[in-house]
Structure formats: C-alpha cells, structure tokens
$ cat work_17.tsv   # TSV, C-alpha atoms
chain	number	residue	atom	x	y	z
N	1	MET	CA	6.97	-16.92	18.30
N	2	ASN	CA	9.83	-14.59	17.34
N	3	VAL	CA	9.60	-12.97	13.91
N	4	LEU	CA	12.13	-10.76	12.14
N	5	PHE	CA	10.55	-8.01	10.00
N	6	VAL	CA	12.48	-6.89	6.93
N	7	SER	CA	11.79	-4.30	4.23
N	8	LEU	CA	13.74	-2.11	1.84
N	9	GLN	CA	16.25	0.26	3.44
N	10	SER	CA	14.38	3.37	2.32
N	11	VAL	CA	11.06	2.33	3.88
N	12	SER	CA	11.34	4.88	6.71
N	13	MET	CA	12.36	7.61	4.26
N	14	VAL	CA	9.34	7.18	2.01
N	15	HIS	CA	6.67	6.76	4.72
N	16	GLY	CA	4.27	5.13	2.30
N	17	GLY	CA	1.93	2.15	2.50
N	18	PRO	CA	4.67	-0.46	3.14
N	19	HIS	CA	5.94	1.59	6.10
N	20	THR	CA	2.46	1.63	7.62
N	21	GLN	CA	1.93	-2.05	6.83
N	22	VAL	CA	5.15	-3.10	8.56
N	23	LEU	CA	4.62	-1.08	11.74
N	24	GLU	CA	0.90	-1.80	12.13
N	25	THR	CA	1.33	-5.52	11.49
N	26	ALA	CA	4.06	-5.64	14.13
N	27	ARG	CA	2.04	-3.62	16.64
N	28	HIS	CA	-1.03	-5.81	16.35
N	29	LEU	CA	0.84	-9.12	16.36
N	30	GLU	CA	2.38	-8.37	19.76
N	31	PRO	CA	-0.89	-8.86	21.74
N	32	LEU	CA	-1.25	-12.23	19.99
N	33	GLY	CA	2.02	-13.44	21.50
N	34	VAL	CA	4.28	-12.71	18.53
N	35	ARG	CA	7.51	-10.90	19.34
N	36	THR	CA	8.55	-8.85	16.32
N	37	THR	CA	11.95	-7.31	15.64
N	38	LEU	CA	12.62	-4.73	12.93
N	39	PHE	CA	15.80	-5.68	11.11
N	40	ASN	CA	18.80	-3.50	12.01
N	41	PRO	CA	21.71	-3.93	9.57
N	42	TRP	CA	24.16	-2.69	12.21
N	43	ALA	CA	23.16	-5.16	14.91
N	44	SER	CA	24.66	-8.62	15.20
N	45	PHE	CA	22.47	-11.16	13.42
N	46	ARG	CA	21.79	-14.68	14.65
N	47	SER	CA	19.25	-16.65	12.67
N	48	GLU	CA	18.61	-18.92	15.67
N	49	ASP	CA	17.03	-15.96	17.49
N	50	TYR	CA	14.01	-16.11	15.17
N	51	ASP	CA	11.36	-18.63	14.21
N	52	LEU	CA	10.87	-16.97	10.86
N	53	ALA	CA	11.46	-13.77	8.88
N	54	HIS	CA	8.75	-11.71	7.19
N	55	VAL	CA	9.97	-9.74	4.18
N	56	PHE	CA	7.77	-6.86	3.01
N	57	GLY	CA	8.33	-6.21	-0.69
N	58	ALA	CA	9.67	-8.52	-3.40
N	59	ASN	CA	11.85	-6.13	-5.39
N	60	ILE	CA	15.42	-5.06	-6.02
N	61	GLY	CA	15.48	-3.28	-2.65
N	62	THR	CA	14.89	-6.49	-0.70
N	63	PHE	CA	16.57	-9.03	-2.96
N	64	GLU	CA	19.98	-9.19	-1.32
N	65	ILE	CA	18.70	-9.57	2.22
N	66	ALA	CA	16.07	-12.13	1.17
N	67	GLN	CA	18.86	-14.12	-0.43
N	68	ARG	CA	20.93	-13.92	2.78
N	69	LEU	CA	18.01	-15.06	4.90
N	70	HIS	CA	17.57	-18.01	2.55
N	71	GLN	CA	21.27	-18.87	2.80
N	72	PHE	CA	21.04	-18.76	6.60
N	73	GLY	CA	18.19	-21.26	6.40
N	74	LEU	CA	15.71	-19.00	8.16
N	75	ARG	CA	12.10	-19.83	7.27
N	76	THR	CA	10.81	-16.81	5.30
N	77	VAL	CA	7.39	-15.36	4.52
N	78	VAL	CA	7.07	-12.64	1.86
N	79	SER	CA	4.40	-9.99	1.39
N	80	PRO	CA	5.32	-9.28	-2.25
N	81	ILE	CA	3.63	-5.86	-2.54
N	82	PHE	CA	3.87	-6.65	-6.24
N	83	PHE	CA	1.60	-5.34	-8.93
N	84	THR	CA	1.76	-4.28	-12.56
N	85	ARG	CA	-0.81	-3.36	-15.18
N	86	HIS	CA	0.83	-5.99	-17.40
N	87	GLY	CA	-0.85	-9.38	-17.43
N	88	PRO	CA	0.73	-12.69	-16.39
N	89	GLY	CA	1.56	-13.50	-20.01
N	90	VAL	CA	3.72	-10.40	-20.37
N	91	ILE	CA	5.52	-11.20	-17.13
N	92	ARG	CA	6.23	-14.74	-18.31
N	93	THR	CA	7.53	-13.45	-21.65
N	94	VAL	CA	9.90	-11.00	-19.95
N	95	ARG	CA	11.19	-13.76	-17.69
N	96	ALA	CA	11.69	-16.07	-20.69
N	97	LEU	CA	13.72	-13.37	-22.45
N	98	GLU	CA	15.69	-12.87	-19.26
N	99	ARG	CA	16.54	-16.57	-19.15
N	100	ALA	CA	17.54	-16.49	-22.82
N	101	ALA	CA	19.79	-13.50	-22.17
N	102	GLY	CA	21.35	-15.46	-19.33
N	103	TRP	CA	22.72	-17.95	-21.84
N	104	PHE	CA	25.09	-15.22	-23.07
N	105	GLY	CA	26.12	-13.78	-19.73
N	106	ARG	CA	25.40	-14.19	-16.05
N	107	GLY	CA	23.89	-11.52	-13.81
N	108	ILE	CA	21.18	-10.35	-16.23
N	109	TRP	CA	17.95	-9.89	-14.25
N	110	SER	CA	14.73	-8.01	-14.83
N	111	ASP	CA	12.59	-6.58	-12.04
N	112	TYR	CA	10.19	-9.47	-12.61
N	113	GLY	CA	13.02	-11.95	-12.36
N	114	LEU	CA	14.18	-10.55	-9.03
N	115	SER	CA	10.62	-10.58	-7.69
N	116	ALA	CA	10.18	-14.19	-8.80
N	117	ARG	CA	13.42	-15.27	-7.11
N	118	ILE	CA	12.42	-13.65	-3.81
N	119	CYS	CA	8.98	-15.27	-3.91
N	120	ARG	CA	10.48	-18.67	-4.78
N	121	MET	CA	12.84	-18.50	-1.79
N	122	ALA	CA	9.88	-17.91	0.55
N	123	VAL	CA	8.03	-20.75	2.23
N	124	LEU	CA	4.83	-18.73	1.89
N	125	ASN	CA	3.76	-15.62	-0.03
N	126	LEU	CA	1.11	-13.27	1.38
N	127	PRO	CA	-0.27	-11.00	-1.37
N	128	ASN	CA	-2.81	-8.36	-0.34
N	129	THR	CA	-5.40	-9.17	-3.03
N	130	ASP	CA	-6.57	-12.00	-5.26
N	131	ALA	CA	-5.41	-9.90	-8.24
N	132	GLU	CA	-1.88	-9.78	-6.83
N	133	ALA	CA	-2.04	-13.50	-6.03
N	134	ARG	CA	-2.86	-14.28	-9.69
N	135	LEU	CA	0.17	-12.30	-10.86
N	136	VAL	CA	2.42	-14.03	-8.34
N	137	GLU	CA	1.13	-17.47	-9.37
N	138	ARG	CA	0.65	-17.12	-13.12
N	139	GLY	CA	3.26	-14.47	-13.84
N	140	LEU	CA	6.06	-15.20	-11.37
N	141	GLY	CA	5.44	-18.95	-11.39
N	142	ILE	CA	4.85	-19.53	-7.67
N	143	PRO	CA	2.76	-22.64	-6.83
N	144	SER	CA	-0.69	-21.84	-5.47
N	145	ASP	CA	-0.07	-23.87	-2.31
N	146	ARG	CA	2.64	-21.35	-1.38
N	147	ILE	CA	0.29	-18.37	-1.72
N	148	ARG	CA	-2.19	-17.14	0.88
N	149	VAL	CA	-4.03	-13.83	0.57
N	150	VAL	CA	-3.81	-11.60	3.65
N	151	PRO	CA	-5.47	-8.20	3.14
N	152	ASN	CA	-3.97	-4.87	4.02
N	153	GLY	CA	-5.41	-3.16	7.07
N	154	VAL	CA	-6.45	0.13	8.59
N	155	ASP	CA	-6.16	1.64	12.06
N	156	GLY	CA	-9.45	1.79	13.96
N	157	ARG	CA	-8.67	5.27	15.27
N	158	PHE	CA	-9.95	6.74	12.00
N	159	LEU	CA	-13.42	5.43	12.81
N	160	ASN	CA	-14.20	8.24	15.24
N	161	ALA	CA	-12.10	11.01	13.69
N	162	ASP	CA	-13.19	14.56	14.50
N	163	PRO	CA	-13.40	17.02	11.55
N	164	GLU	CA	-13.09	20.12	13.71
N	165	PRO	CA	-9.29	20.22	14.38
N	166	PHE	CA	-8.55	20.29	10.64
N	167	TYR	CA	-11.15	22.98	10.06
N	168	ARG	CA	-9.81	25.13	12.90
N	169	GLN	CA	-6.26	24.98	11.54
N	170	TYR	CA	-6.92	25.25	7.81
N	171	ARG	CA	-10.38	26.88	7.68
N	172	VAL	CA	-11.72	24.55	5.03
N	173	ARG	CA	-14.39	21.87	5.10
N	174	ASP	CA	-16.52	19.89	2.65
N	175	PHE	CA	-13.55	19.60	0.29
N	176	ILE	CA	-11.95	17.14	-2.12
N	177	LEU	CA	-9.03	15.34	-0.47
N	178	ASN	CA	-6.07	13.36	-1.77
N	179	VAL	CA	-3.37	11.84	0.44
N	180	GLY	CA	-0.22	10.37	-1.07
N	181	HIS	CA	3.20	11.15	-2.46
N	182	ILE	CA	3.54	14.10	-4.83
N	183	GLY	CA	6.14	13.18	-7.41
N	184	SER	CA	5.26	9.53	-7.97
N	185	HIS	CA	3.80	9.16	-11.45
N	186	ARG	CA	1.82	6.13	-10.27
N	187	LYS	CA	-0.12	8.29	-7.80
N	188	ASN	CA	-1.38	10.39	-10.73
N	189	VAL	CA	-1.63	13.66	-8.81
N	190	LEU	CA	-1.19	15.75	-11.96
N	191	ASN	CA	-4.33	14.34	-13.59
N	192	LEU	CA	-6.19	14.92	-10.33
N	193	ILE	CA	-5.12	18.58	-10.27
N	194	ARG	CA	-6.26	19.00	-13.86
N	195	ALA	CA	-9.57	17.27	-13.07
N	196	VAL	CA	-10.46	19.61	-10.21
N	197	ARG	CA	-9.35	22.89	-11.79
N	198	ASN	CA	-12.84	23.78	-12.95
N	199	LEU	CA	-14.80	22.19	-10.12
N	200	ASP	CA	-16.49	24.47	-7.62
N	201	LEU	CA	-15.09	22.60	-4.62
N	202	PRO	CA	-11.97	23.36	-2.57
N	203	THR	CA	-9.27	20.73	-2.95
N	204	VAL	CA	-6.63	19.67	-0.42
N	205	ILE	CA	-3.67	17.48	-1.36
N	206	ILE	CA	-1.65	16.13	1.55
N	207	GLY	CA	1.61	14.47	0.64
N	208	LYS	CA	5.35	14.38	0.93
N	209	VAL	CA	6.84	16.09	-2.13
N	210	HIS	CA	9.47	14.07	-3.98
N	211	ARG	CA	11.36	16.73	-5.86
N	212	ASN	CA	11.49	15.89	-9.55
N	213	ALA	CA	10.14	17.23	-12.84
N	214	TYR	CA	6.75	15.60	-12.27
N	215	SER	CA	6.27	17.10	-8.81
N	216	GLU	CA	7.35	20.53	-10.03
N	217	THR	CA	4.67	20.40	-12.73
N	218	CYS	CA	2.11	19.37	-10.09
N	219	LEU	CA	3.11	22.23	-7.81
N	220	GLN	CA	3.06	24.79	-10.62
N	221	GLU	CA	-0.38	23.79	-11.87
N	222	ALA	CA	-1.78	23.65	-8.33
N	223	ALA	CA	-0.41	27.11	-7.58
N	224	SER	CA	-2.31	28.55	-10.54
N	225	ALA	CA	-5.65	27.44	-9.03
N	226	ARG	CA	-6.60	29.34	-5.88
N	227	HIS	CA	-8.93	26.63	-4.59
N	228	ILE	CA	-6.19	23.93	-4.55
N	229	ARG	CA	-4.14	23.71	-1.37
N	230	ILE	CA	-1.09	21.48	-0.88
N	231	ILE	CA	-0.01	20.45	2.61
N	232	GLU	CA	3.42	18.86	2.48
N	233	GLY	CA	2.82	15.73	4.48
N	234	LEU	CA	1.21	14.80	7.78
N	235	PRO	CA	2.41	11.72	9.72
N	236	ASN	CA	0.09	8.72	9.54
N	237	ASP	CA	-0.45	8.92	13.31
N	238	SER	CA	-1.33	12.62	13.15
N	239	ASP	CA	-4.69	13.64	14.58
N	240	LEU	CA	-4.85	16.29	11.84
N	241	LEU	CA	-4.66	13.62	9.14
N	242	ALA	CA	-7.53	11.70	10.70
N	243	SER	CA	-9.42	14.98	11.03
N	244	ALA	CA	-8.84	15.77	7.35
N	245	TYR	CA	-10.42	12.45	6.35
N	246	ALA	CA	-13.45	13.20	8.51
N	247	ALA	CA	-13.76	16.78	7.26
N	248	CYS	CA	-13.57	16.09	3.53
N	249	ARG	CA	-16.54	15.56	1.24
N	250	VAL	CA	-14.83	13.23	-1.23
N	251	PHE	CA	-11.55	11.35	-0.97
N	252	VAL	CA	-9.88	10.73	-4.35
N	253	LEU	CA	-7.11	8.25	-5.12
N	254	PRO	CA	-6.90	8.10	-8.96
N	255	SER	CA	-3.61	6.14	-9.07
N	256	PHE	CA	-2.69	3.98	-12.00
N	257	TYR	CA	-3.02	1.11	-9.51
N	258	GLU	CA	-3.30	0.57	-5.75
N	259	THR	CA	-2.96	-2.57	-3.63
N	260	PRO	CA	-5.40	-1.42	-2.35
N	261	GLY	CA	-4.57	2.08	-1.05
N	262	ILE	CA	-4.33	2.30	2.75
N	263	ALA	CA	-5.19	6.02	2.60
N	264	ALA	CA	-8.50	5.22	0.90
N	265	LEU	CA	-9.29	2.67	3.61
N	266	GLU	CA	-8.51	5.28	6.26
N	267	ALA	CA	-10.70	7.86	4.56
N	268	GLY	CA	-13.56	5.40	4.08
N	269	LEU	CA	-13.39	4.41	7.74
N	270	ALA	CA	-13.61	8.08	8.68
N	271	GLY	CA	-16.81	8.39	6.63
N	272	ALA	CA	-15.56	9.90	3.37
N	273	ARG	CA	-17.06	9.06	-0.01
N	274	VAL	CA	-14.25	7.39	-1.98
N	275	VAL	CA	-13.26	7.84	-5.63
N	276	ILE	CA	-10.54	5.40	-6.63
N	277	THR	CA	-8.73	3.57	-9.42
N	278	PRO	CA	-10.20	0.20	-10.42
N	279	HIS	CA	-6.72	-1.28	-10.92
N	280	GLY	CA	-4.70	-3.30	-8.42
N	281	GLY	CA	-7.38	-5.13	-6.47
N	282	THR	CA	-9.25	-2.12	-5.10
N	283	GLN	CA	-12.61	-3.58	-6.09
N	284	GLU	CA	-11.94	-6.52	-3.76
N	285	TYR	CA	-11.89	-4.08	-0.85
N	286	PHE	CA	-14.42	-1.42	-1.79
N	287	GLY	CA	-16.91	-3.37	-3.92
N	288	ASP	CA	-19.84	-1.22	-5.01
N	289	ARG	CA	-19.27	1.19	-2.12
N	290	ALA	CA	-16.84	3.42	-4.06
N	291	THR	CA	-16.80	5.32	-7.36
N	292	TYR	CA	-14.23	4.02	-9.88
N	293	VAL	CA	-12.49	6.17	-12.49
N	294	ASP	CA	-10.10	5.72	-15.39
N	295	PRO	CA	-6.79	7.14	-14.11
N	296	GLY	CA	-5.67	8.00	-17.63
N	297	SER	CA	-8.69	10.23	-18.26
N	298	VAL	CA	-8.98	13.67	-16.65
N	299	ASP	CA	-12.66	13.76	-17.66
N	300	SER	CA	-13.33	10.42	-15.99
N	301	ILE	CA	-11.71	11.60	-12.76
N	302	ARG	CA	-13.74	14.81	-12.85
N	303	ARG	CA	-17.01	12.98	-13.50
N	304	GLY	CA	-16.24	10.51	-10.73
N	305	ILE	CA	-15.67	13.31	-8.23
N	306	GLU	CA	-18.90	15.03	-9.28
N	307	THR	CA	-20.80	11.76	-8.95
N	308	ALA	CA	-19.40	10.99	-5.49
N	309	ALA	CA	-19.94	14.56	-4.28
N	310	GLY	CA	-23.63	14.26	-5.13
N	311	LEU	CA	-24.17	10.98	-3.30
N	312	VAL	CA	-26.17	10.88	-0.09
N	313	PRO	CA	-23.74	10.02	2.74
N	314	THR	CA	-24.13	6.51	4.17
N	315	ASN	CA	-22.21	4.24	6.55
N	316	HIS	CA	-22.05	1.34	4.10
N	317	LEU	CA	-18.35	1.71	3.32
N	318	LYS	CA	-17.41	2.64	6.89
N	319	ASP	CA	-19.16	-0.43	8.31
N	320	HIS	CA	-17.65	-2.71	5.67
N	321	ILE	CA	-14.10	-1.54	6.43
N	322	LYS	CA	-14.73	-1.74	10.18
N	323	ASN	CA	-15.92	-5.34	9.89
N	324	GLU	CA	-13.30	-6.63	7.46
N	325	PHE	CA	-10.08	-4.64	7.48
N	326	LEU	CA	-9.12	-3.36	10.93
N	327	TRP	CA	-5.55	-4.28	11.87
N	328	PRO	CA	-6.41	-6.69	14.73
N	329	ARG	CA	-8.32	-8.85	12.23
N	330	ILE	CA	-5.45	-8.65	9.72
N	331	ALA	CA	-2.96	-9.59	12.46
N	332	GLU	CA	-5.01	-12.70	13.25
N	333	LYS	CA	-4.89	-13.74	9.59
N	334	THR	CA	-1.14	-13.06	9.50
N	335	LEU	CA	-0.55	-15.19	12.58
N	336	ALA	CA	-2.64	-18.00	11.10
N	337	ALA	CA	-0.41	-17.87	8.01
N	338	TYR	CA	2.72	-18.08	10.18
N	339	GLN	CA	1.32	-21.01	12.13
N	340	SER	CA	0.49	-22.88	8.91
N	341	ILE	CA	4.18	-23.21	8.04
N	342	MET	CA	5.59	-23.78	11.52
N	343	PRO	CA	6.25	-27.16	13.15
N	344	LYS	CA	3.26	-28.04	15.32
N	345	GLU	CA	5.08	-27.64	18.60
N	346	ALA	CA	6.39	-24.18	17.59
N	347	ALA	CA	3.04	-22.98	16.19
N	348	ALA	CA	1.14	-23.76	19.39
$ encode --input "work_17.tsv" --output "structure tokens"
Amino acid sequence: MNVLFVSLQSVSMVHGGPHTQVLETARHLEPLGVRTTLFNPWASFRSEDYDLAHVFGANIGTFEIAQRLHQFGLRTVVSPIFFTRHGPGVIRTVRALERAAGWFGRGIWSDYGLSARICRMAVLNLPNTDAEARLVERGLGIPSDRIRVVPNGVDGRFLNADPEPFYRQYRVRDFILNVGHIGSHRKNVLNLIRAVRNLDLPTVIIGKVHRNAYSETCLQEAASARHIRIIEGLPNDSDLLASAYAACRVFVLPSFYETPGIAALEAGLAGARVVITPHGGTQEYFGDRATYVDPGSVDSIRRGIETAAGLVPTNHLKDHIKNEFLWPRIAEKTLAAYQSIMPKEAAA
C-alpha cells in the first residue's frame, strides 16, 4: 500500500505534536508493508502513484491541498487534530451563521466551516479521542460511520530513559518539568510560571520560544524567579529530552486543552508523575493515573503540583502507556483503518 502523507506547510517549523505524529506514524507503518511519502509541493504529483492520502490537520493550513486531493479523486483519510472548548451546539450555530452569510456573498468561511469541509471530503476521519470524535460528528456534521478513533502514540525509547545525562549537563534533579511551546496561549505557560513561583522545587521549562508579547511576559516572569530555568527547545529525538523526563519529579502540562499531549505521554512512559489539563480527551488516556487541574486557575495548578509531588511513585501510568499507546500499536490501528476503506484486493 502506498500512502501520501500531507500536513500544513509550517509543520516542520513548529515541531509540535502534529510533526511528531506524522513522522512516527510513517516510521511505524513501514514495517507493516505501508510505503509512505511525505508530500513535497515541488515534486511532480501523480495521484495514480498512491492508494490513498492521509491528511494531518483539518484547518485553514490544509484546506487547499485537501481540496486538490479530492478533485484528483484520491481516496483521503483525515486526522482532524481538531478540538475546541466550545460544545457541538456552538459549532453548529457558527456554521449556520456562516451559511446565512453565504447568501449575501460567496467565499465567507469560518474556521469551523473549513474544518467541516475537509472532514466531509475525506472517506474516513481518524480523531485521536472520543471527545474529538463527538465534536467532529455532532459539531462538524460528519456521519459516525465515517469516523474511527485512532489514539495518538508515544515512542518506546522513553521507557528506559536515563536521568543522569540531564543531571550531568544541567545539575538539577527532582524538579518540575514542562515541555511545549513558549508563546502559545493554549499551552498556558504563564499560569504555570505563576503557579510555581512560591513552590520550593526547581522548575525546568523546555520549549521553542515563539517571539510575541505572551512569550516575552513568560520570559520576564521566569527570569525574576531564580529556581525557574528555561531551555529553548530540545529535539524530540534528543537523549537529553528523554533524560529530562526521567529526571523530573513532576511533569506538568496545564494547557487549556490537549489531544492528548504527546509530551505528557512521553513523560509518563519515562516514569514521571503527570499533572495535566482535563480538557481535550486527556482523561481517556491517563484515567485516574494523573492529577487534573483547572488551567484557568493558578491556585489549582499549584495545588495539583503539590499533590503530585507528594505521591508515592508507582509504575501504574508507565505500564498503562506501554500497553496501550506505543507507536507500533497505533500503527496497527492506523493500517486497519486504511484497510477498512480499500477495495479488498488492494487491502490484502
């Protein structure tokens, strides 16, 4: 089976969860007999070279190419990577207003409208959580028989991460850790910084800094607290990143939502106690093995960290992630989804 992988053009610039999801899915499909090709806009394109296309992200950044794939008649699967704190009813209302506005002029589209069009053009949608699936079905209006949940995954190399390399380089252990972008309001780093200011635990924040007013405030407030250290990004395949997960006492991801937060899966697999947002389907992955906090409340984040820091370490979360969410298992579920929409002779 030959599959074309497509995502937004900036995916390699951002190096976030979608970037990891694309590359790891491709890497672990190959041993299963799936030949994957990352879309190159400068290479000649022939739809007959592929059995299907897999689009990662249903948003304005992927709309045009998803539309082209549809026009070429190439069977398409979409991982929407779609979530909002608004309920399905709000999404439907926005889309209804969008349609009403369309009566007065063409070309008027909301973000929800673009997402819905991409998902409708797909033969199958692969949300990462049941919560996302409900939004896609009830909010974007996609029939349930064109939706199949395939979880996000985590690399097994984090399972045996060694804490010593990080300690040797940065001389810190038993700390609070956050990994993510600094500058994205959704990641909520500013509230995290404010939550740990008066805690008697060193804090390490690892993340690529997106220069804007929000990130500057984060950097300024972190600089005023001597126990907060910012490391401006480590590659996902870095041994130091894996070591940081293993060396920390508590991993904190207090985002306004996550679907479900690959960094938290990595940290949990490395043995960290996890504090995380309850929004975006995280509870489907972590269950009662994590501490949940209100991302809008600095006090809640602080209390959650204190609670997690006082817990007796166990392997409950590590074993759960190892059994359910390693990439080879996710690749098998992805392949099964592909095969479900292929002609029988092609799926064999």
$ closest_residue --input "work_17.tsv" --among "N:Phe286, N:Asn59, N:Val78, N:Val150" --to "N:Tyr112" --atoms "all atoms listed in the file"
N:Asn59
$ residues_near_point --input "work_17.tsv" --point "(9.5, -0.1, 6.9)" --cutoff "7 Å" --atoms "all atoms listed in the file" --output "list of chain:residue names"
N:Ser7, N:Leu8, N:Val11, N:Ser12, N:Pro18, N:His19, N:Val22, N:Leu23
$ atom_distance --input "work_17.tsv" --atom1 "atom CA of N:Val90" --atom2 "atom CA of N:Leu140"
10.5 Å
$ closest_residue --input "work_17.tsv" --among "N:Asn191, N:Thr203, N:Thr93, N:Ser255" --to "N:Arg229" --atoms "all atoms listed in the file"
N:Thr203
$ residues_around --input "work_17.tsv" --residues "N:Asp200" --least-positions-apart "4" --cutoff "12 Å" --atoms "only C-alpha atoms" --output "list in words"
Asp174, Phe175, Ile176, Ala195, Val196, Ala225, Arg226, His227, Ile228, Arg302, Ile305, Glu306 and Ala309 of chain N
$ write_last_selection --input "work_17.tsv" --atoms "C-alpha atoms" --output "compact mmCIF listing (two decimals), in the coordinates of the input"
# COMPACT_ATOMS: atom_id res chain seq x y z
CA ASP N 174 -16.52 19.89 2.65
CA PHE N 175 -13.55 19.60 0.29
CA ILE N 176 -11.95 17.14 -2.12
CA ALA N 195 -9.57 17.27 -13.07
CA VAL N 196 -10.46 19.61 -10.21
CA ALA N 225 -5.65 27.44 -9.03
CA ARG N 226 -6.60 29.34 -5.88
CA HIS N 227 -8.93 26.63 -4.59
CA ILE N 228 -6.19 23.93 -4.55
CA ARG N 302 -13.74 14.81 -12.85
CA ILE N 305 -15.67 13.31 -8.23
CA GLU N 306 -18.90 15.03 -9.28
CA ALA N 309 -19.94 14.56 -4.28
$ atom_distance --input "work_17.tsv" --atom1 "atom CA of N:Pro163" --atom2 "atom CA of N:Ala267"
11.8 Å
